[in-house]
Amino acid sequence: MKTIKLLSLLSFVLFAEISFSQTKTDSKKTDKGAHFIQVTRDKMQAFQQSFNKSWNKTFTGFSKNEISLYGAINFSKQRINNQPISTPFNYNYDAINARVFKPGFVAGARIDGKYKEKYDYAFQMSLSMVNAGNYYINKTRLEPFLGDFTQYKIDNQFATLNLSALYKKPLFFSTNKYKFYAVAGPGMDLRISSFSNDQRVKKTGSRLFVNGHMGIEFNDNGYYLIFLHYKHGFNLFHSPAPVQLNSFELGIAVTTKDLF
């Protein structure tokens, strides 16, 4: 009986010691996590202050600048003029043709502010993973041997770096708390991924697109911003197979001061 009591007492002491050690370990982990978050927040705030000073010094007249991070889903389609291209290859037209917008995603940063304390503006830079529906406006048919086909195939998945400058016009039904904007401006997409062998045959790949950028935005008292944008783009330089790259973007942006 004494042996059982002694074992029970030892088990209790051992369990208490393990629980206490685990509590200390969890406390240390929590302290380390809180310290890391605080350090990250301090560095981001210092970066934003330094960036604002440099920005205001370089771009005079631009004030009340706020940095935001945003993410969005994009729906893209390419309209391809494949008539001028002739290659040794034949592609089934129905298999590669898709007259629809397909989803991809976007992540980026933007700066919102005022120009000369009067005009609202935004500059944004983003990385887009495009997954486009490819619409070939021309097709060939060789009866009775072949059905509809095309001799040119363009990539439908690739990555681009986007730069845009937007003018923001407050809409008449905005309030002090909720603000609605119509936005418009020029933009540029630079393809940063490599081309497939199909596009290397005739060197038809286009790396640079310019686009018209327009849309609507909703700002909830500075807490977050929801936007719907449309971009209509085309080749900046001459291409044997001209392409129009069109896309819709639906996303949300949050200022860095609220994130960190």
# chains A, B, ... in the order shown; residues from 1 in each chain; ligands from 1
call {"tool": "select_by_dssp", "arguments": {"residues": "region 65-201 of chain A", "states": "strand (DSSP E)", "output": "JSON list (two decimals) with C-alpha atoms, in the first residue's frame"}}
result
[["chain", "number", "residue", "atom", "x", "y", "z"],
["A", 65, "ASN", "CA", 0.43, 59.12, -49.41],
["A", 66, "GLU", "CA", -0.61, 55.74, -48.08],
["A", 67, "ILE", "CA", 0.90, 52.39, -49.02],
["A", 68, "SER", "CA", -1.44, 49.41, -49.42],
["A", 69, "LEU", "CA", -0.99, 45.75, -50.22],
["A", 70, "TYR", "CA", -3.64, 44.05, -52.30],
["A", 71, "GLY", "CA", -4.68, 40.76, -53.80],
["A", 72, "ALA", "CA", -7.16, 40.04, -56.55],
["A", 73, "ILE", "CA", -8.55, 37.40, -58.83],
["A", 74, "ASN", "CA", -8.28, 38.26, -62.51],
["A", 75, "PHE", "CA", -10.21, 36.95, -65.50],
["A", 76, "SER", "CA", -8.28, 37.22, -68.79],
["A", 77, "LYS", "CA", -8.80, 36.65, -72.49],
["A", 78, "GLN", "CA", -6.48, 37.02, -75.48],
["A", 79, "ARG", "CA", -7.74, 37.90, -78.95],
["A", 80, "ILE", "CA", -5.21, 36.63, -81.49],
["A", 91, "TYR", "CA", -3.52, 22.60, -84.30],
["A", 92, "ASN", "CA", -7.11, 21.50, -83.88],
["A", 102, "LYS", "CA", -10.36, 32.41, -67.46],
["A", 103, "PRO", "CA", -9.29, 33.00, -63.83],
["A", 104, "GLY", "CA", -5.81, 33.79, -62.54],
["A", 105, "PHE", "CA", -4.58, 35.86, -59.58],
["A", 106, "VAL", "CA", -2.81, 39.14, -58.80],
["A", 107, "ALA", "CA", -0.73, 40.38, -55.85],
["A", 108, "GLY", "CA", 0.75, 43.83, -55.53],
["A", 109, "ALA", "CA", 1.20, 47.17, -53.79],
["A", 110, "ARG", "CA", -0.22, 50.63, -54.45],
["A", 111, "ILE", "CA", 0.22, 54.22, -53.29],
["A", 112, "ASP", "CA", -2.85, 56.40, -52.85],
["A", 113, "GLY", "CA", -2.69, 60.14, -52.26],
["A", 114, "LYS", "CA", -3.53, 63.60, -53.52],
["A", 115, "TYR", "CA", -1.85, 65.77, -56.13],
["A", 119, "TYR", "CA", -6.72, 65.46, -57.26],
["A", 120, "ASP", "CA", -6.90, 61.87, -56.00],
["A", 121, "TYR", "CA", -4.47, 59.46, -57.61],
["A", 122, "ALA", "CA", -3.02, 55.96, -57.26],
["A", 123, "PHE", "CA", 0.15, 54.29, -58.50],
["A", 124, "GLN", "CA", 0.21, 50.52, -58.41],
["A", 125, "MET", "CA", 2.62, 47.71, -59.17],
["A", 126, "SER", "CA", 1.60, 44.07, -59.26],
["A", 127, "LEU", "CA", 2.59, 40.58, -60.28],
["A", 128, "SER", "CA", -0.08, 38.76, -62.30],
["A", 129, "MET", "CA", -0.33, 35.05, -63.00],
["A", 130, "VAL", "CA", -2.37, 35.03, -66.20],
["A", 131, "ASN", "CA", -4.49, 32.08, -67.25],
["A", 132, "ALA", "CA", -6.22, 33.37, -70.38],
["A", 133, "GLY", "CA", -8.84, 32.09, -72.73],
["A", 134, "ASN", "CA", -7.33, 32.24, -76.23],
["A", 135, "TYR", "CA", -9.66, 33.37, -79.03],
["A", 136, "TYR", "CA", -8.19, 32.86, -82.52],
["A", 140, "THR", "CA", -8.39, 27.20, -91.85],
["A", 141, "ARG", "CA", -10.29, 24.22, -93.23],
["A", 142, "LEU", "CA", -9.05, 21.55, -95.63],
["A", 146, "LEU", "CA", -9.01, 18.11, -92.09],
["A", 147, "GLY", "CA", -11.58, 20.06, -90.13],
["A", 148, "ASP", "CA", -10.97, 23.53, -88.67],
["A", 149, "PHE", "CA", -7.35, 24.12, -87.71],
["A", 150, "THR", "CA", -4.80, 26.88, -87.16],
["A", 157, "GLN", "CA", -0.46, 30.81, -69.04],
["A", 158, "PHE", "CA", 2.31, 33.26, -68.14],
["A", 159, "ALA", "CA", 3.40, 35.86, -65.58],
["A", 160, "THR", "CA", 3.47, 39.63, -66.04],
["A", 161, "LEU", "CA", 4.67, 42.64, -64.07],
["A", 162, "ASN", "CA", 2.16, 45.48, -64.21],
["A", 163, "LEU", "CA", 2.62, 49.21, -63.62],
["A", 164, "SER", "CA", -0.37, 51.58, -63.65],
["A", 165, "ALA", "CA", -1.08, 55.22, -62.88],
["A", 166, "LEU", "CA", -4.71, 56.01, -62.03],
["A", 167, "TYR", "CA", -6.73, 59.18, -61.63],
["A", 168, "LYS", "CA", -9.51, 58.77, -59.05],
["A", 169, "LYS", "CA", -12.73, 60.73, -59.41],
["A", 170, "PRO", "CA", -15.04, 60.69, -56.34],
["A", 178, "TYR", "CA", -17.93, 55.61, -47.46],
["A", 179, "LYS", "CA", -16.25, 56.77, -50.65],
["A", 180, "PHE", "CA", -16.84, 55.56, -54.19],
["A", 181, "TYR", "CA", -14.41, 56.33, -57.01],
["A", 182, "ALA", "CA", -14.30, 55.97, -60.76],
["A", 183, "VAL", "CA", -10.68, 55.37, -61.81],
["A", 184, "ALA", "CA", -8.91, 55.51, -65.17],
["A", 185, "GLY", "CA", -5.37, 55.73, -66.47],
["A", 186, "PRO", "CA", -2.59, 54.15, -68.53],
["A", 187, "GLY", "CA", -0.81, 50.94, -67.68],
["A", 188, "MET", "CA", 1.90, 48.59, -68.89],
["A", 189, "ASP", "CA", 2.33, 44.82, -68.65],
["A", 190, "LEU", "CA", 5.78, 43.27, -69.00],
["A", 191, "ARG", "CA", 5.85, 39.52, -69.54]]
call {"tool": "atom_distance", "arguments": {"atom1": "CA of Tyr152 (chain A)", "atom2": "CA of Gly212 (chain A)"}}
result
27.0 Å
call {"tool": "atom_distance", "arguments": {"atom1": "CA of Asn219 (chain A)", "atom2": "CA of Ala253 (chain A)"}}
result
9.3 Å
call {"tool": "closest_residue", "arguments": {"among": "A:Ile154, A:Leu236, A:Leu245, A:Leu225", "to": "Arg200 (chain A)", "atoms": "only C-alpha atoms"}}
result
A:Ile154
call {"tool": "closest_residue", "arguments": {"among": "A:Ser206, A:Leu171, A:Leu259, A:Phe227", "to": "Ser194 (chain A)", "atoms": "only C-alpha atoms"}}
result
A:Ser206
call {"tool": "atom_distance", "arguments": {"atom1": "CA of Pro242 (chain A)", "atom2": "CA of Gly205 (chain A)"}}
result
9.6 Å
call {"tool": "closest_residue", "arguments": {"among": "A:Asn246, A:Thr87, A:Ser239, A:Thr256", "to": "Gln151 (chain A)", "atoms": "only C-alpha atoms"}}
result
A:Thr87
call {"tool": "residues_around", "arguments": {"residues": "Asn138 (chain A)", "least_positions_apart": "6", "cutoff": "8 Å", "atoms": "only C-alpha atoms", "output": "JSON, numbers by chain"}}
result
{"A": [81, 82, 83, 150]}
call {"tool": "decode", "arguments": {"residues": "region 183-199 of chain A", "atoms": "all heavy atoms", "output": "PDB file, in the first residue's frame"}}
result
ATOM      1  N   VAL A 183     -12.124  55.222 -61.565  1.00  0.00           N
ATOM      2  CA  VAL A 183     -10.685  55.369 -61.814  1.00  0.00           C
ATOM      3  C   VAL A 183     -10.380  55.077 -63.276  1.00  0.00           C
ATOM      4  O   VAL A 183     -11.064  54.281 -63.929  1.00  0.00           O
ATOM      5  CB  VAL A 183      -9.855  54.433 -60.903  1.00  0.00           C
ATOM      6  CG1 VAL A 183     -10.131  54.726 -59.446  1.00  0.00           C
ATOM      7  CG2 VAL A 183     -10.147  52.972 -61.215  1.00  0.00           C
ATOM      8  N   ALA A 184      -9.332  55.736 -63.785  1.00  0.00           N
ATOM      9  CA  ALA A 184      -8.906  55.511 -65.168  1.00  0.00           C
ATOM     10  C   ALA A 184      -7.462  55.968 -65.309  1.00  0.00           C
ATOM     11  O   ALA A 184      -7.006  56.868 -64.596  1.00  0.00           O
ATOM     12  CB  ALA A 184      -9.799  56.258 -66.154  1.00  0.00           C
ATOM     13  N   GLY A 185      -6.746  55.329 -66.235  1.00  0.00           N
ATOM     14  CA  GLY A 185      -5.368  55.727 -66.473  1.00  0.00           C
ATOM     15  C   GLY A 185      -4.635  54.729 -67.344  1.00  0.00           C
ATOM     16  O   GLY A 185      -5.170  53.668 -67.695  1.00  0.00           O
ATOM     17  N   PRO A 186      -3.391  55.050 -67.695  1.00  0.00           N
ATOM     18  CA  PRO A 186      -2.594  54.151 -68.531  1.00  0.00           C
ATOM     19  C   PRO A 186      -1.888  53.090 -67.692  1.00  0.00           C
ATOM     20  O   PRO A 186      -1.667  53.256 -66.491  1.00  0.00           O
ATOM     21  CB  PRO A 186      -1.577  55.101 -69.171  1.00  0.00           C
ATOM     22  CG  PRO A 186      -1.380  56.153 -68.126  1.00  0.00           C
ATOM     23  CD  PRO A 186      -2.720  56.328 -67.445  1.00  0.00           C
ATOM     24  N   GLY A 187      -1.530  52.012 -68.347  1.00  0.00           N
ATOM     25  CA  GLY A 187      -0.812  50.939 -67.677  1.00  0.00           C
ATOM     26  C   GLY A 187       0.106  50.204 -68.639  1.00  0.00           C
ATOM     27  O   GLY A 187       0.045  50.403 -69.862  1.00  0.00           O
ATOM     28  N   MET A 188       0.954  49.358 -68.092  1.00  0.00           N
ATOM     29  CA  MET A 188       1.899  48.594 -68.888  1.00  0.00           C
ATOM     30  C   MET A 188       2.084  47.222 -68.265  1.00  0.00           C
ATOM     31  O   MET A 188       2.200  47.104 -67.041  1.00  0.00           O
ATOM     32  CB  MET A 188       3.240  49.329 -68.976  1.00  0.00           C
ATOM     33  CG  MET A 188       4.304  48.607 -69.759  1.00  0.00           C
ATOM     34  SD  MET A 188       5.868  49.545 -69.796  1.00  0.00           S
ATOM     35  CE  MET A 188       6.352  49.422 -68.063  1.00  0.00           C
ATOM     36  N   ASP A 189       2.076  46.184 -69.099  1.00  0.00           N
ATOM     37  CA  ASP A 189       2.329  44.820 -68.649  1.00  0.00           C
ATOM     38  C   ASP A 189       3.592  44.302 -69.312  1.00  0.00           C
ATOM     39  O   ASP A 189       3.696  44.298 -70.554  1.00  0.00           O
ATOM     40  CB  ASP A 189       1.151  43.903 -68.995  1.00  0.00           C
ATOM     41  CG  ASP A 189      -0.009  44.074 -68.022  1.00  0.00           C
ATOM     42  OD1 ASP A 189       0.115  43.578 -66.893  1.00  0.00           O
ATOM     43  OD2 ASP A 189      -1.018  44.683 -68.394  1.00  0.00           O
ATOM     44  N   LEU A 190       4.542  43.854 -68.502  1.00  0.00           N
ATOM     45  CA  LEU A 190       5.778  43.269 -69.000  1.00  0.00           C
ATOM     46  C   LEU A 190       5.774  41.785 -68.695  1.00  0.00           C
ATOM     47  O   LEU A 190       5.705  41.378 -67.529  1.00  0.00           O
ATOM     48  CB  LEU A 190       6.987  43.934 -68.339  1.00  0.00           C
ATOM     49  CG  LEU A 190       8.359  43.318 -68.655  1.00  0.00           C
ATOM     50  CD1 LEU A 190       8.690  43.485 -70.138  1.00  0.00           C
ATOM     51  CD2 LEU A 190       9.437  43.932 -67.776  1.00  0.00           C
ATOM     52  N   ARG A 191       5.828  40.971 -69.746  1.00  0.00           N
ATOM     53  CA  ARG A 191       5.854  39.524 -69.543  1.00  0.00           C
ATOM     54  C   ARG A 191       7.219  39.120 -69.005  1.00  0.00           C
ATOM     55  O   ARG A 191       8.255  39.459 -69.593  1.00  0.00           O
ATOM     56  CB  ARG A 191       5.559  38.799 -70.853  1.00  0.00           C
ATOM     57  CG  ARG A 191       5.708  37.286 -70.738  1.00  0.00           C
ATOM     58  CD  ARG A 191       5.161  36.573 -71.938  1.00  0.00           C
ATOM     59  NE  ARG A 191       5.468  35.150 -71.903  1.00  0.00           N
ATOM     60  CZ  ARG A 191       4.791  34.220 -72.540  1.00  0.00           C
ATOM     61  NH1 ARG A 191       3.754  34.556 -73.280  1.00  0.00           N
ATOM     62  NH2 ARG A 191       5.129  32.962 -72.450  1.00  0.00           N
ATOM     63  N   ILE A 192       7.241  38.394 -67.867  1.00  0.00           N
ATOM     64  CA  ILE A 192       8.495  38.016 -67.238  1.00  0.00           C
ATOM     65  C   ILE A 192       8.762  36.518 -67.304  1.00  0.00           C
ATOM     66  O   ILE A 192       9.825  36.063 -66.891  1.00  0.00           O
ATOM     67  CB  ILE A 192       8.540  38.490 -65.765  1.00  0.00           C
ATOM     68  CG1 ILE A 192       7.359  37.899 -64.982  1.00  0.00           C
ATOM     69  CG2 ILE A 192       8.537  39.998 -65.689  1.00  0.00           C
ATOM     70  CD1 ILE A 192       7.377  38.266 -63.504  1.00  0.00           C
ATOM     71  N   SER A 193       7.809  35.752 -67.816  1.00  0.00           N
ATOM     72  CA  SER A 193       8.019  34.315 -67.975  1.00  0.00           C
ATOM     73  C   SER A 193       8.491  34.019 -69.400  1.00  0.00           C
ATOM     74  O   SER A 193       8.303  34.817 -70.315  1.00  0.00           O
ATOM     75  CB  SER A 193       6.734  33.538 -67.662  1.00  0.00           C
ATOM     76  OG  SER A 193       5.662  33.996 -68.458  1.00  0.00           O
ATOM     77  N   SER A 194       9.091  32.857 -69.577  1.00  0.00           N
ATOM     78  CA  SER A 194       9.651  32.490 -70.879  1.00  0.00           C
ATOM     79  C   SER A 194       8.542  32.084 -71.856  1.00  0.00           C
ATOM     80  O   SER A 194       7.407  31.792 -71.455  1.00  0.00           O
ATOM     81  CB  SER A 194      10.648  31.343 -70.718  1.00  0.00           C
ATOM     82  OG  SER A 194      10.014  30.205 -70.150  1.00  0.00           O
ATOM     83  N   PHE A 195       8.891  32.040 -73.141  1.00  0.00           N
ATOM     84  CA  PHE A 195       7.945  31.649 -74.181  1.00  0.00           C
ATOM     85  C   PHE A 195       8.056  30.158 -74.468  1.00  0.00           C
ATOM     86  O   PHE A 195       9.125  29.559 -74.327  1.00  0.00           O
ATOM     87  CB  PHE A 195       8.209  32.426 -75.477  1.00  0.00           C
ATOM     88  CG  PHE A 195       7.957  33.897 -75.361  1.00  0.00           C
ATOM     89  CD1 PHE A 195       9.007  34.796 -75.217  1.00  0.00           C
ATOM     90  CD2 PHE A 195       6.665  34.394 -75.391  1.00  0.00           C
ATOM     91  CE1 PHE A 195       8.774  36.149 -75.108  1.00  0.00           C
ATOM     92  CE2 PHE A 195       6.430  35.750 -75.280  1.00  0.00           C
ATOM     93  CZ  PHE A 195       7.483  36.632 -75.135  1.00  0.00           C
ATOM     94  N   SER A 196       6.946  29.582 -74.907  1.00  0.00           N
ATOM     95  CA  SER A 196       6.942  28.171 -75.295  1.00  0.00           C
ATOM     96  C   SER A 196       7.590  28.016 -76.672  1.00  0.00           C
ATOM     97  O   SER A 196       7.804  28.993 -77.402  1.00  0.00           O
ATOM     98  CB  SER A 196       5.510  27.634 -75.327  1.00  0.00           C
ATOM     99  OG  SER A 196       4.784  28.274 -76.363  1.00  0.00           O
ATOM    100  N   ASN A 197       7.883  26.778 -77.036  1.00  0.00           N
ATOM    101  CA  ASN A 197       8.488  26.503 -78.348  1.00  0.00           C
ATOM    102  C   ASN A 197       7.566  26.914 -79.489  1.00  0.00           C
ATOM    103  O   ASN A 197       8.029  27.289 -80.568  1.00  0.00           O
ATOM    104  CB  ASN A 197       8.833  25.022 -78.464  1.00  0.00           C
ATOM    105  CG  ASN A 197       9.964  24.629 -77.538  1.00  0.00           C
ATOM    106  OD1 ASN A 197      10.818  25.450 -77.213  1.00  0.00           O
ATOM    107  ND2 ASN A 197       9.980  23.377 -77.104  1.00  0.00           N
ATOM    108  N   ASP A 198       6.249  26.856 -79.255  1.00  0.00           N
ATOM    109  CA  ASP A 198       5.287  27.238 -80.303  1.00  0.00           C
ATOM    110  C   ASP A 198       5.474  28.696 -80.712  1.00  0.00           C
ATOM    111  O   ASP A 198       5.349  29.037 -81.886  1.00  0.00           O
ATOM    112  CB  ASP A 198       3.851  27.015 -79.815  1.00  0.00           C
ATOM    113  CG  ASP A 198       3.580  25.564 -79.472  1.00  0.00           C
ATOM    114  OD1 ASP A 198       3.428  24.760 -80.395  1.00  0.00           O
ATOM    115  OD2 ASP A 198       3.536  25.241 -78.270  1.00  0.00           O
ATOM    116  N   GLN A 199       5.775  29.555 -79.736  1.00  0.00           N
ATOM    117  CA  GLN A 199       5.930  30.974 -80.051  1.00  0.00           C
ATOM    118  C   GLN A 199       7.348  31.325 -80.500  1.00  0.00           C
ATOM    119  O   GLN A 199       7.579  32.408 -81.025  1.00  0.00           O
ATOM    120  CB  GLN A 199       5.544  31.827 -78.837  1.00  0.00           C
ATOM    121  CG  GLN A 199       4.042  31.816 -78.566  1.00  0.00           C
ATOM    122  CD  GLN A 199       3.635  32.909 -77.609  1.00  0.00           C
ATOM    123  OE1 GLN A 199       3.406  32.690 -76.437  1.00  0.00           O
ATOM    124  NE2 GLN A 199       3.536  34.119 -78.122  1.00  0.00           N
TER     125      GLN A 199
END
